[in-house]
>>> print(open('coords_10.cif').read())   # mmCIF, C-alpha atoms and all ligand atoms
data_run
#
loop_
_atom_site.group_PDB
_atom_site.id
_atom_site.type_symbol
_atom_site.label_atom_id
_atom_site.label_comp_id
_atom_site.auth_asym_id
_atom_site.auth_seq_id
_atom_site.Cartn_x
_atom_site.Cartn_y
_atom_site.Cartn_z
ATOM 1 C CA MET A 12 33.223 -3.121 136.710
ATOM 2 C CA VAL A 13 35.204 -4.888 139.395
ATOM 3 C CA GLY A 14 37.946 -2.252 139.131
ATOM 4 C CA VAL A 15 35.452 0.575 139.451
ATOM 5 C CA GLY A 16 33.894 -1.111 142.480
ATOM 6 C CA VAL A 17 37.237 -1.520 144.213
ATOM 7 C CA ALA A 18 38.261 2.038 143.379
ATOM 8 C CA GLY A 19 34.922 3.281 144.679
ATOM 9 C CA ARG A 20 35.411 1.418 147.931
ATOM 10 C CA LEU A 21 38.958 2.740 148.308
ATOM 11 C CA MET A 22 37.770 6.284 147.676
ATOM 12 C CA GLY A 23 35.012 5.694 150.212
ATOM 13 C CA TRP A 24 37.549 4.509 152.750
ATOM 14 C CA ALA A 25 39.789 7.525 152.068
ATOM 15 C CA ARG A 26 36.833 9.771 152.822
ATOM 16 C CA GLU A 27 36.019 7.814 155.975
ATOM 17 C CA THR A 28 39.509 8.210 157.423
ATOM 18 C CA THR A 29 39.123 11.972 157.324
ATOM 19 C CA SER A 30 35.734 11.780 159.063
ATOM 20 C CA GLU A 31 35.094 12.917 162.587
ATOM 21 C CA ILE A 32 33.158 11.587 165.572
ATOM 22 C CA GLU A 33 31.261 13.914 167.916
ATOM 23 C CA THR A 34 32.123 12.957 171.500
ATOM 24 C CA VAL A 35 30.837 14.637 174.657
ATOM 25 C CA LYS A 36 34.208 16.447 174.807
ATOM 26 C CA GLY A 37 34.079 17.576 171.171
ATOM 27 C CA ARG A 38 35.019 16.216 167.774
ATOM 28 C CA ILE A 39 37.821 13.719 167.264
ATOM 29 C CA PRO A 40 39.124 12.061 164.086
ATOM 30 C CA ALA A 41 37.374 8.743 163.391
ATOM 31 C CA GLU A 42 40.715 6.924 163.449
ATOM 32 C CA ALA A 43 41.204 8.050 167.080
ATOM 33 C CA LEU A 44 38.160 6.061 168.187
ATOM 34 C CA GLY A 45 40.043 2.788 168.852
ATOM 35 C CA VAL A 46 38.220 -0.223 170.248
ATOM 36 C CA THR A 47 34.613 0.901 170.550
ATOM 37 C CA LEU A 48 31.511 -0.419 172.275
ATOM 38 C CA PRO A 49 28.784 1.155 170.117
ATOM 39 C CA HIS A 50 25.758 0.392 172.325
ATOM 40 C CA GLU A 51 26.022 0.641 176.121
ATOM 41 C CA HIS A 52 24.394 2.592 178.961
ATOM 42 C CA VAL A 53 25.632 4.463 182.027
ATOM 43 C CA LEU A 54 22.272 5.675 183.350
ATOM 44 C CA VAL A 55 18.695 4.707 182.409
ATOM 45 C CA ASP A 56 15.451 5.657 184.144
ATOM 46 C CA PHE A 57 12.381 3.798 182.845
ATOM 47 C CA VAL A 58 9.968 5.778 185.017
ATOM 48 C CA GLY A 59 8.346 7.445 181.972
ATOM 49 C CA ALA A 60 8.449 10.859 180.322
ATOM 50 C CA ASP A 61 5.889 12.287 182.761
ATOM 51 C CA ARG A 62 8.066 11.595 185.830
ATOM 52 C CA VAL A 63 11.674 11.438 184.633
ATOM 53 C CA SER A 64 13.857 14.094 186.273
ATOM 54 C CA PRO A 65 17.506 14.772 187.181
ATOM 55 C CA ASN A 66 16.234 15.113 190.762
ATOM 56 C CA ARG A 67 15.798 11.325 190.920
ATOM 57 C CA TYR A 68 19.591 10.757 191.196
ATOM 58 C CA THR A 69 22.797 12.673 191.823
ATOM 59 C CA VAL A 70 25.612 12.999 189.295
ATOM 60 C CA ASP A 71 28.066 11.943 192.031
ATOM 61 C CA ALA A 72 26.175 8.697 192.735
ATOM 62 C CA VAL A 73 25.963 7.746 189.058
ATOM 63 C CA VAL A 74 29.637 8.560 188.456
ATOM 64 C CA ALA A 75 30.704 6.557 191.521
ATOM 65 C CA SER A 76 28.670 3.585 190.340
ATOM 66 C CA ALA A 77 29.715 3.640 186.665
ATOM 67 C CA ARG A 78 33.353 4.676 186.912
ATOM 68 C CA PRO A 79 34.861 1.309 188.012
ATOM 69 C CA HIS A 80 33.106 -0.415 185.108
ATOM 70 C CA LEU A 81 34.326 2.144 182.595
ATOM 71 C CA GLU A 82 37.836 1.787 184.034
ATOM 72 C CA GLN A 83 37.583 -1.997 183.714
ATOM 73 C CA ALA A 84 36.570 -1.610 180.058
ATOM 74 C CA ARG A 85 39.482 0.724 179.498
ATOM 75 C CA GLY A 86 41.801 -1.842 181.061
ATOM 76 C CA LEU A 87 40.477 -4.387 178.535
ATOM 77 C CA GLY A 88 41.474 -2.083 175.666
ATOM 78 C CA VAL A 89 38.278 -0.081 175.110
ATOM 79 C CA ARG A 90 38.800 3.549 174.048
ATOM 80 C CA THR A 91 35.242 4.646 173.179
ATOM 81 C CA ILE A 92 31.800 3.899 174.608
ATOM 82 C CA VAL A 93 28.618 5.053 172.913
ATOM 83 C CA GLU A 94 25.985 5.816 175.537
ATOM 84 C CA CYS A 95 22.597 5.064 173.994
ATOM 85 C CA THR A 96 20.223 6.401 176.668
ATOM 86 C CA PRO A 97 17.765 8.735 174.910
ATOM 87 C CA ALA A 98 16.211 11.956 176.141
ATOM 88 C CA TYR A 99 13.342 11.336 178.624
ATOM 89 C CA LEU A 100 15.095 8.165 179.842
ATOM 90 C CA ALA A 101 17.712 10.126 181.810
ATOM 91 C CA ARG A 102 20.163 11.045 179.080
ATOM 92 C CA ASP A 103 22.550 13.240 181.088
ATOM 93 C CA PRO A 104 25.533 14.917 179.394
ATOM 94 C CA ARG A 105 26.823 16.155 182.784
ATOM 95 C CA VAL A 106 27.380 12.557 183.905
ATOM 96 C CA LEU A 107 29.088 11.625 180.639
ATOM 97 C CA VAL A 108 31.447 14.623 180.647
ATOM 98 C CA ARG A 109 32.496 13.821 184.225
ATOM 99 C CA LEU A 110 33.124 10.179 183.326
ATOM 100 C CA ALA A 111 35.031 11.069 180.141
ATOM 101 C CA GLU A 112 37.269 13.400 182.151
ATOM 102 C CA GLU A 113 37.807 10.943 184.990
ATOM 103 C CA THR A 114 38.416 7.817 182.867
ATOM 104 C CA GLY A 115 39.997 9.208 179.680
ATOM 105 C CA LEU A 116 37.470 7.288 177.561
ATOM 106 C CA HIS A 117 35.747 8.882 174.586
ATOM 107 C CA LEU A 118 32.016 8.923 175.338
ATOM 108 C CA VAL A 119 29.278 9.693 172.819
ATOM 109 C CA THR A 120 25.678 10.775 173.481
ATOM 110 C CA ASN A 121 22.639 11.327 171.262
ATOM 111 C CA THR A 122 19.665 13.409 170.210
ATOM 112 C CA GLY A 123 16.230 12.119 169.203
ATOM 113 C CA LEU A 124 13.126 10.568 170.803
ATOM 114 C CA TYR A 125 12.334 6.966 171.694
ATOM 115 C CA GLY A 126 8.858 5.624 170.947
ATOM 116 C CA VAL A 127 9.211 2.097 172.375
ATOM 117 C CA ARG A 128 6.588 0.723 174.850
ATOM 118 C CA GLN A 129 3.641 2.534 173.306
ATOM 119 C CA ASN A 130 5.226 5.980 173.554
ATOM 120 C CA ARG A 131 5.549 6.155 177.349
ATOM 121 C CA PHE A 132 8.956 7.832 176.967
ATOM 122 C CA LEU A 133 7.693 10.562 174.643
ATOM 123 C CA PRO A 134 6.981 14.104 175.844
ATOM 124 C CA PRO A 135 3.608 15.704 174.904
ATOM 125 C CA TYR A 136 5.140 17.769 172.077
ATOM 126 C CA ALA A 137 6.093 14.552 170.231
ATOM 127 C CA PHE A 138 2.394 13.968 169.515
ATOM 128 C CA THR A 139 1.505 17.479 168.363
ATOM 129 C CA GLU A 140 4.571 18.591 166.412
ATOM 130 C CA SER A 141 5.407 17.593 162.832
ATOM 131 C CA ALA A 142 8.453 15.575 161.772
ATOM 132 C CA ARG A 143 9.973 18.845 160.595
ATOM 133 C CA ASP A 144 9.375 20.480 164.016
ATOM 134 C CA LEU A 145 10.980 17.533 165.821
ATOM 135 C CA ALA A 146 13.927 17.559 163.436
ATOM 136 C CA ALA A 147 14.384 21.284 164.094
ATOM 137 C CA ARG A 148 14.744 20.515 167.822
ATOM 138 C CA TRP A 149 17.318 17.781 167.187
ATOM 139 C CA ILE A 150 19.250 19.889 164.661
ATOM 140 C CA ARG A 151 19.362 22.697 167.238
ATOM 141 C CA GLU A 152 20.882 20.287 169.767
ATOM 142 C CA ALA A 153 23.450 19.201 167.168
ATOM 143 C CA ARG A 154 24.422 22.807 166.509
ATOM 144 C CA GLU A 155 24.145 24.408 169.946
ATOM 145 C CA GLY A 156 24.449 21.501 172.360
ATOM 146 C CA ILE A 157 22.031 19.740 174.690
ATOM 147 C CA ASP A 158 20.161 22.055 177.087
ATOM 148 C CA SER A 159 22.757 24.477 178.429
ATOM 149 C CA THR A 160 25.626 21.983 178.633
ATOM 150 C CA GLY A 161 27.261 22.785 175.280
ATOM 151 C CA VAL A 162 27.586 18.995 174.760
ATOM 152 C CA ARG A 163 26.682 17.993 171.213
ATOM 153 C CA PRO A 164 25.055 14.684 170.298
ATOM 154 C CA GLY A 165 27.135 12.242 168.240
ATOM 155 C CA PHE A 166 24.185 10.366 166.711
ATOM 156 C CA ILE A 167 20.390 10.212 166.580
ATOM 157 C CA LYS A 168 18.714 7.637 168.837
ATOM 158 C CA SER A 169 15.134 6.568 168.309
ATOM 159 C CA GLY A 170 13.011 3.525 168.973
ATOM 160 C CA VAL A 171 9.923 1.896 167.512
ATOM 161 C CA ASP A 172 7.577 -0.858 168.684
ATOM 162 C CA LEU A 173 7.525 -4.416 167.340
ATOM 163 C CA ASP A 174 4.285 -4.167 165.344
ATOM 164 C CA PRO A 175 4.749 -5.346 161.754
ATOM 165 C CA GLU A 176 4.213 -1.785 160.518
ATOM 166 C CA LEU A 177 5.323 1.553 161.949
ATOM 167 C CA SER A 178 2.604 3.428 163.868
ATOM 168 C CA PRO A 179 1.934 7.003 162.673
ATOM 169 C CA VAL A 180 3.938 8.453 165.580
ATOM 170 C CA HIS A 181 6.856 6.085 165.029
ATOM 171 C CA ARG A 182 6.786 6.819 161.317
ATOM 172 C CA LYS A 183 7.071 10.493 162.226
ATOM 173 C CA LEU A 184 10.061 9.811 164.495
ATOM 174 C CA VAL A 185 11.881 8.004 161.684
ATOM 175 C CA GLU A 186 11.059 10.825 159.256
ATOM 176 C CA ALA A 187 12.353 13.382 161.774
ATOM 177 C CA ALA A 188 15.544 11.326 162.081
ATOM 178 C CA ALA A 189 15.932 11.313 158.289
ATOM 179 C CA LEU A 190 15.516 15.102 158.142
ATOM 180 C CA THR A 191 18.024 15.525 160.966
ATOM 181 C CA HIS A 192 20.540 13.244 159.270
ATOM 182 C CA ALA A 193 20.196 15.120 155.980
ATOM 183 C CA ASP A 194 21.043 18.350 157.790
ATOM 184 C CA THR A 195 23.682 17.232 160.297
ATOM 185 C CA GLY A 196 25.206 13.986 158.974
ATOM 186 C CA LEU A 197 24.500 12.302 162.329
ATOM 187 C CA THR A 198 23.928 8.545 162.047
ATOM 188 C CA ILE A 199 20.486 7.216 163.000
ATOM 189 C CA ALA A 200 20.281 4.321 165.501
ATOM 190 C CA VAL A 201 16.775 2.939 165.972
ATOM 191 C CA HIS A 202 15.754 0.429 168.656
ATOM 192 C CA THR A 203 14.027 -2.020 166.302
ATOM 193 C CA GLY A 204 14.651 -5.626 167.402
ATOM 194 C CA ARG A 205 12.289 -7.863 165.418
ATOM 195 C CA GLY A 206 10.228 -4.803 164.478
ATOM 196 C CA PRO A 207 9.877 -3.174 161.056
ATOM 197 C CA GLY A 208 13.482 -2.599 159.950
ATOM 198 C CA LEU A 209 13.102 -2.775 156.183
ATOM 199 C CA GLU A 210 10.131 -0.389 156.291
ATOM 200 C CA GLN A 211 12.412 2.169 157.961
ATOM 201 C CA LEU A 212 14.978 1.806 155.167
ATOM 202 C CA ASP A 213 12.224 2.492 152.613
ATOM 203 C CA LEU A 214 11.096 5.546 154.571
ATOM 204 C CA LEU A 215 14.660 6.876 154.789
ATOM 205 C CA ALA A 216 15.117 6.324 151.051
ATOM 206 C CA ALA A 217 11.941 8.347 150.417
ATOM 207 C CA HIS A 218 13.686 11.191 152.251
ATOM 208 C CA GLY A 219 16.914 10.756 150.279
ATOM 209 C CA VAL A 220 18.844 9.047 153.108
ATOM 210 C CA ALA A 221 20.919 5.932 152.359
ATOM 211 C CA PRO A 222 20.820 2.731 154.465
ATOM 212 C CA GLU A 223 24.463 3.407 155.460
ATOM 213 C CA ALA A 224 23.096 6.167 157.746
ATOM 214 C CA TRP A 225 20.947 3.745 159.777
ATOM 215 C CA ILE A 226 21.734 1.229 162.528
ATOM 216 C CA TRP A 227 19.349 -1.688 163.198
ATOM 217 C CA VAL A 228 19.576 -1.674 167.014
ATOM 218 C CA HIS A 229 18.975 -4.978 168.870
ATOM 219 C CA ALA A 230 19.218 -6.784 165.523
ATOM 220 C CA GLN A 231 20.033 -10.068 167.259
ATOM 221 C CA GLY A 232 16.279 -10.355 167.968
ATOM 222 C CA ALA A 233 15.289 -10.188 164.289
ATOM 223 C CA ASP A 234 15.049 -12.846 161.566
ATOM 224 C CA ASP A 235 18.306 -13.714 159.839
ATOM 225 C CA GLY A 236 16.789 -13.148 156.393
ATOM 226 C CA ALA A 237 15.594 -9.610 157.131
ATOM 227 C CA LEU A 238 18.996 -8.731 158.618
ATOM 228 C CA LEU A 239 20.860 -10.023 155.571
ATOM 229 C CA THR A 240 18.550 -8.031 153.284
ATOM 230 C CA ALA A 241 19.121 -4.857 155.319
ATOM 231 C CA ALA A 242 22.897 -5.422 155.398
ATOM 232 C CA ARG A 243 23.029 -6.032 151.640
ATOM 233 C CA ARG A 244 21.228 -2.715 151.186
ATOM 234 C CA GLY A 245 23.958 -1.089 153.313
ATOM 235 C CA ALA A 246 22.429 -0.811 156.794
ATOM 236 C CA TRP A 247 24.441 -1.336 159.981
ATOM 237 C CA ILE A 248 23.468 -4.441 161.945
ATOM 238 C CA SER A 249 23.946 -3.919 165.700
ATOM 239 C CA LEU A 250 24.309 -7.211 167.587
ATOM 240 C CA ASP A 251 24.291 -5.421 170.895
ATOM 241 C CA GLY A 252 22.703 -7.576 173.586
ATOM 242 C CA LEU A 253 25.796 -9.666 174.273
ATOM 243 C CA ASN A 254 25.465 -11.651 177.505
ATOM 244 C CA ARG A 255 26.266 -15.248 178.431
ATOM 245 C CA PRO A 256 22.977 -16.805 177.242
ATOM 246 C CA SER A 257 23.181 -14.877 173.939
ATOM 247 C CA ILE A 258 26.633 -16.134 172.963
ATOM 248 C CA PRO A 259 25.424 -18.928 170.616
ATOM 249 C CA ARG A 260 23.077 -16.482 168.826
ATOM 250 C CA HIS A 261 25.791 -13.809 168.518
ATOM 251 C CA LEU A 262 28.292 -16.389 167.280
ATOM 252 C CA HIS A 263 25.800 -17.751 164.726
ATOM 253 C CA LEU A 264 25.099 -14.259 163.363
ATOM 254 C CA CYS A 265 28.800 -13.321 163.145
ATOM 255 C CA GLN A 266 29.500 -16.570 161.269
ATOM 256 C CA LEU A 267 26.508 -16.004 158.962
ATOM 257 C CA PHE A 268 27.544 -12.446 158.103
ATOM 258 C CA ARG A 269 31.134 -13.583 157.546
ATOM 259 C CA ARG A 270 30.026 -16.358 155.172
ATOM 260 C CA GLU A 271 27.865 -13.872 153.271
ATOM 261 C CA GLY A 272 30.700 -11.335 152.929
ATOM 262 C CA LEU A 273 28.840 -8.832 155.135
ATOM 263 C CA LEU A 274 31.102 -8.560 158.176
ATOM 264 C CA HIS A 275 31.715 -4.915 157.225
ATOM 265 C CA ARG A 276 28.088 -4.112 158.237
ATOM 266 C CA VAL A 277 28.191 -5.635 161.768
ATOM 267 C CA LEU A 278 28.509 -3.842 165.116
ATOM 268 C CA LEU A 279 29.017 -5.645 168.459
ATOM 269 C CA SER A 280 28.163 -4.445 171.974
ATOM 270 C CA HIS A 281 26.682 -5.528 175.321
ATOM 271 C CA ASP A 282 23.800 -3.091 175.886
ATOM 272 C CA ALA A 283 25.097 -3.306 179.471
ATOM 273 C CA GLY A 284 25.330 -0.970 182.478
ATOM 274 C CA TRP A 285 23.584 0.915 184.171
ATOM 275 C CA TYR A 286 22.624 3.024 187.152
ATOM 276 C CA ASP A 287 18.840 2.730 187.624
ATOM 277 C CA PRO A 288 17.397 5.525 189.817
ATOM 278 C CA ASP A 289 14.372 3.334 190.622
ATOM 279 C CA LYS A 290 16.527 0.815 192.510
ATOM 280 C CA PRO A 291 18.421 1.136 195.814
ATOM 281 C CA ASN A 292 21.928 2.493 195.054
ATOM 282 C CA GLY A 293 21.141 2.277 191.341
ATOM 283 C CA GLY A 294 20.689 -1.513 191.333
ATOM 284 C CA THR A 295 23.149 -4.023 189.887
ATOM 285 C CA PHE A 296 25.519 -2.615 187.260
ATOM 286 C CA ARG A 297 26.229 -5.123 184.468
ATOM 287 C CA PRO A 298 29.886 -4.776 183.336
ATOM 288 C CA TYR A 299 31.191 -4.178 179.813
ATOM 289 C CA ASP A 300 33.667 -7.074 179.805
ATOM 290 C CA LEU A 301 32.197 -10.216 178.229
ATOM 291 C CA MET A 302 33.141 -9.102 174.698
ATOM 292 C CA PHE A 303 36.817 -9.209 175.592
ATOM 293 C CA THR A 304 36.955 -12.012 178.137
ATOM 294 C CA VAL A 305 34.738 -14.493 176.277
ATOM 295 C CA PHE A 306 33.218 -13.470 172.951
ATOM 296 C CA LEU A 307 36.169 -12.201 170.892
ATOM 297 C CA PRO A 308 38.272 -15.213 172.032
ATOM 298 C CA ALA A 309 35.343 -17.406 170.895
ATOM 299 C CA LEU A 310 35.421 -15.740 167.472
ATOM 300 C CA ARG A 311 39.175 -16.431 167.266
ATOM 301 C CA ALA A 312 38.597 -20.063 168.259
ATOM 302 C CA ASN A 313 36.027 -20.280 165.446
ATOM 303 C CA GLY A 314 38.456 -19.119 162.774
ATOM 304 C CA PHE A 315 37.959 -15.348 162.718
ATOM 305 C CA THR A 316 41.222 -13.547 161.915
ATOM 306 C CA VAL A 317 42.706 -10.734 163.979
ATOM 307 C CA SER A 318 41.942 -8.323 161.156
ATOM 308 C CA GLU A 319 38.290 -9.431 161.006
ATOM 309 C CA ILE A 320 37.989 -8.825 164.741
ATOM 310 C CA GLU A 321 39.673 -5.441 164.350
ATOM 311 C CA GLN A 322 37.094 -4.644 161.675
ATOM 312 C CA LEU A 323 34.241 -5.554 164.025
ATOM 313 C CA VAL A 324 35.376 -3.564 167.054
ATOM 314 C CA VAL A 325 37.424 -0.704 165.544
ATOM 315 C CA SER A 326 36.783 0.073 161.853
ATOM 316 C CA ASN A 327 33.065 -0.670 161.672
ATOM 317 C CA PRO A 328 32.082 1.538 164.639
ATOM 318 C CA ALA A 329 34.320 4.346 163.335
ATOM 319 C CA GLN A 330 32.593 4.228 159.948
ATOM 320 C CA ALA A 331 29.123 3.860 161.439
ATOM 321 C CA LEU A 332 29.545 6.858 163.757
ATOM 322 C CA ALA A 333 31.356 9.176 161.337
ATOM 323 C CA VAL A 334 29.440 12.459 161.120
ATOM 324 C CA ARG A 335 28.789 12.473 157.396
ATOM 325 C CA ARG A 336 25.724 12.896 155.201
ATOM 326 C CA ARG A 337 24.844 9.694 153.357
ATOM 327 C CA PRO A 338 22.487 10.557 150.522
ATOM 328 C CA VAL A 339 20.840 7.769 148.511
HETATM 329 ZN ZN ZN B 1 20.238 -0.016 174.867
#
>>> encode(input="coords_10.cif", output="C-alpha cells")
Amino acid sequence: MVGVGVAGRLMGWARETTSEIETVKGRIPAEALGVTLPHEHVLVDFVGADRVSPNRYTVDAVVASARPHLEQARGLGVRTIVECTPAYLARDPRVLVRLAEETGLHLVTNTGLYGVRQNRFLPPYAFTESARDLAARWIREAREGIDSTGVRPGFIKSGVDLDPELSPVHRKLVEAAALTHADTGLTIAVHTGRGPGLEQLDLLAAHGVAPEAWIWVHAQGADDGALLTAARRGAWISLDGLNRPSIPRHLHLCQLFRREGLLHRVLLSHDAGWYDPDKPNGGTFRPYDLMFTVFLPALRANGFTVSEIEQLVVSNPAQALAVRRRPV
C-alpha cells in the first residue's frame, strides 16, 4: 500500500509539472511560476456593486502607485503575484497587463463573484440567476476573456460570510464555482476566514469536485482543528494576511502543519497592496515585502529547511494554481 501511495504521488507530481497557469499575458508552464505570492491586491474599491466603476480611478494612477511595490517584490525574488480583487470590487485586467509588461512579473486575475458583507458587492443578476447561469458567465470569461480585454482569468474568486452555515445566495456562488471548475479546471479560492469551510468542501464533493480544487482564503482566522480537517481532506490552506502583528499566528500555523505532515497544503501571502479609489491618491499602499524580510527568515530560525520553504513559496502555489480538473 505504501508503494502504491508513493507511486501515486509521483505520478501526480509528474502530471503537475506539465500543468499550466493562466496569467494575464497568457498561459505559462507551472514550473515557470517561481516564487509566488498567491493572495495580494493591486486595486480594490469597496464602494459597492451599485457604484463601482472604472471612472473612479485612472489606469495611469494605479500603475504609478503599484509599480514600485511590484518592483520591490521582484527585487526580493518574487516572480508571480496573484491579484485576488474580484469583479465589482475593481478587478481591472488593463491595470494588470500594464503592470505585467512594465515589471516582468507574472500576474494572475480571476473570475467569479464575492458575496462577503451581506452581498453588497454582488450585481443584481447574482440574485436572480441560477448557479448554472452564473457558471456560464464565468466559463465564458475563461474561454473568451474578461469583457473585451482578451485577458483570461487564472482562477475563480468568491467569498462567503462568517455565519455558521452558507446563506442560499452564498451556497449558489459555491455551486457556480464548482460547475465552473468542472468545466474549466480553474481553482476555486473562497474568502472564508472563520466561516463555513468544511460545508463548502461537502458542497463541492456533491458536485464531483475534489478538495484539491479549493483554497480556504484567510484561513489564519479559522480554528486550527477545522483547518487540519480541511487540509487532511486535500484542501489548500491560505495563510494570507501576513503582517507584523500576525507573525506569531502565522508561525504557529506553519509549525502545526509541519508537525502534522501537511506543509504540502499551505499557501503564504500578505493580502497586501492596494490602490483605493476612495482615498486621496489611492491611500497608503502596503508593500509585499514582509514575507522575505522577516517571515521566511523566522521560519529558517525555527528549523524549517530550505526545501520546506521552497515548497511553501514555489511548489505549493504552482500546484494550487495549475489549470486542471480535480474530480472527486
Ligand atoms: Zn484579499
>>> resolve_selection(input="coords_10.cif", expression="the PyMOL selection byres (((not hetatm)) within 8 of (chain B and resi 1))", output="ChimeraX atom specification")
/A:50-52,95-96,202,229,251,282-283
>>> resolve_selection(input="coords_10.cif", expression="the PyMOL selection byres (((chain A and resi 98) around 10) and not hetatm)", output="CSV table (one decimal) with C-alpha atoms, in the coordinates of the input")
chain,number,residue,atom,x,y,z
A,55,VAL,CA,18.7,4.7,182.4
A,60,ALA,CA,8.4,10.9,180.3
A,63,VAL,CA,11.7,11.4,184.6
A,95,CYS,CA,22.6,5.1,174.0
A,96,THR,CA,20.2,6.4,176.7
A,97,PRO,CA,17.8,8.7,174.9
A,99,TYR,CA,13.3,11.3,178.6
A,100,LEU,CA,15.1,8.2,179.8
A,101,ALA,CA,17.7,10.1,181.8
A,102,ARG,CA,20.2,11.0,179.1
A,103,ASP,CA,22.6,13.2,181.1
A,120,THR,CA,25.7,10.8,173.5
A,121,ASN,CA,22.6,11.3,171.3
A,122,THR,CA,19.7,13.4,170.2
A,123,GLY,CA,16.2,12.1,169.2
A,124,LEU,CA,13.1,10.6,170.8
A,125,TYR,CA,12.3,7.0,171.7
A,132,PHE,CA,9.0,7.8,177.0
A,133,LEU,CA,7.7,10.6,174.6
A,134,PRO,CA,7.0,14.1,175.8
A,157,ILE,CA,22.0,19.7,174.7
A,168,LYS,CA,18.7,7.6,168.8
A,169,SER,CA,15.1,6.6,168.3
>>> axis_aligned_box(input="coords_10.cif", around="region 286-295 of chain A", padding_each_side="6 Å", output="AutoDock Vina command-line options")
--center_x 18.8 --center_y 0.8 --center_z 191.5 --size_x 20.8 --size_y 21.5 --size_z 20.7
>>> resolve_selection(input="coords_10.cif", expression="the PyMOL selection byres (((chain A and resi 73-89) around 8) and not hetatm)", output="MDAnalysis selection string")
chainID A and resid 45:48 53:54 68:72 90:92 106 109:110 113:114 116 284:286 293 296 298:300 303
>>> closest_residue(input="coords_10.cif", among="A:Arg255, A:Arg205, A:Arg182, A:Arg269", to="Ile320 (chain A)", atoms="all atoms listed in the file")
A:Arg269
>>> closest_residue(input="coords_10.cif", among="A:Ile150, A:Ala233, A:Ala111, A:Ala217", to="Gly196 (chain A)", atoms="all atoms listed in the file")
A:Ile150
>>> atom_distance(input="coords_10.cif", atom1="CA of Ala312 (chain A)", atom2="CA of Gly245 (chain A)")
28.2 Å
>>> residues_around(input="coords_10.cif", residues="Thr203 (chain A)", least_positions_apart="5", cutoff="9 Å", atoms="all atoms listed in the file", output="list in words")
Val127, Ser169, Gly170, Val171, Asp172, Leu173, Gly208, Trp227, Val228, His229, Ala230, Gly232 and Ala233 of chain A
>>> closest_residue(input="coords_10.cif", among="A:Leu274, A:Asp289, A:Leu253, A:Ala216", to="Val58 (chain A)", atoms="only C-alpha atoms")
A:Asp289
>>> closest_residue(input="coords_10.cif", among="A:Asn292, A:Thr198, A:Thr316, A:Ser257", to="Pro328 (chain A)", atoms="only C-alpha atoms")
A:Thr198
>>> atom_distance(input="coords_10.cif", atom1="CA of His263 (chain A)", atom2="CA of Glu94 (chain A)")
25.9 Å
>>> closest_residue(input="coords_10.cif", among="A:Pro179, A:Gly161, A:Ala137, A:Glu271", to="Lys36 (chain A)", atoms="all atoms listed in the file")
A:Gly161
>>> atom_distance(input="coords_10.cif", atom1="CA of His275 (chain A)", atom2="CA of Ala333 (chain A)")
14.7 Å
>>> residues_near_point(input="coords_10.cif", point="(20.1, 24.3, 182.6)", cutoff="12 Å", atoms="only C-alpha atoms", output="PyMOL selection string")
chain A and resi 65+103-105+156-161
>>> closest_residue(input="coords_10.cif", among="A:Pro175, A:Pro49, A:Gly59, A:Gly272", to="Ser249 (chain A)", atoms="all atoms listed in the file")
A:Pro49
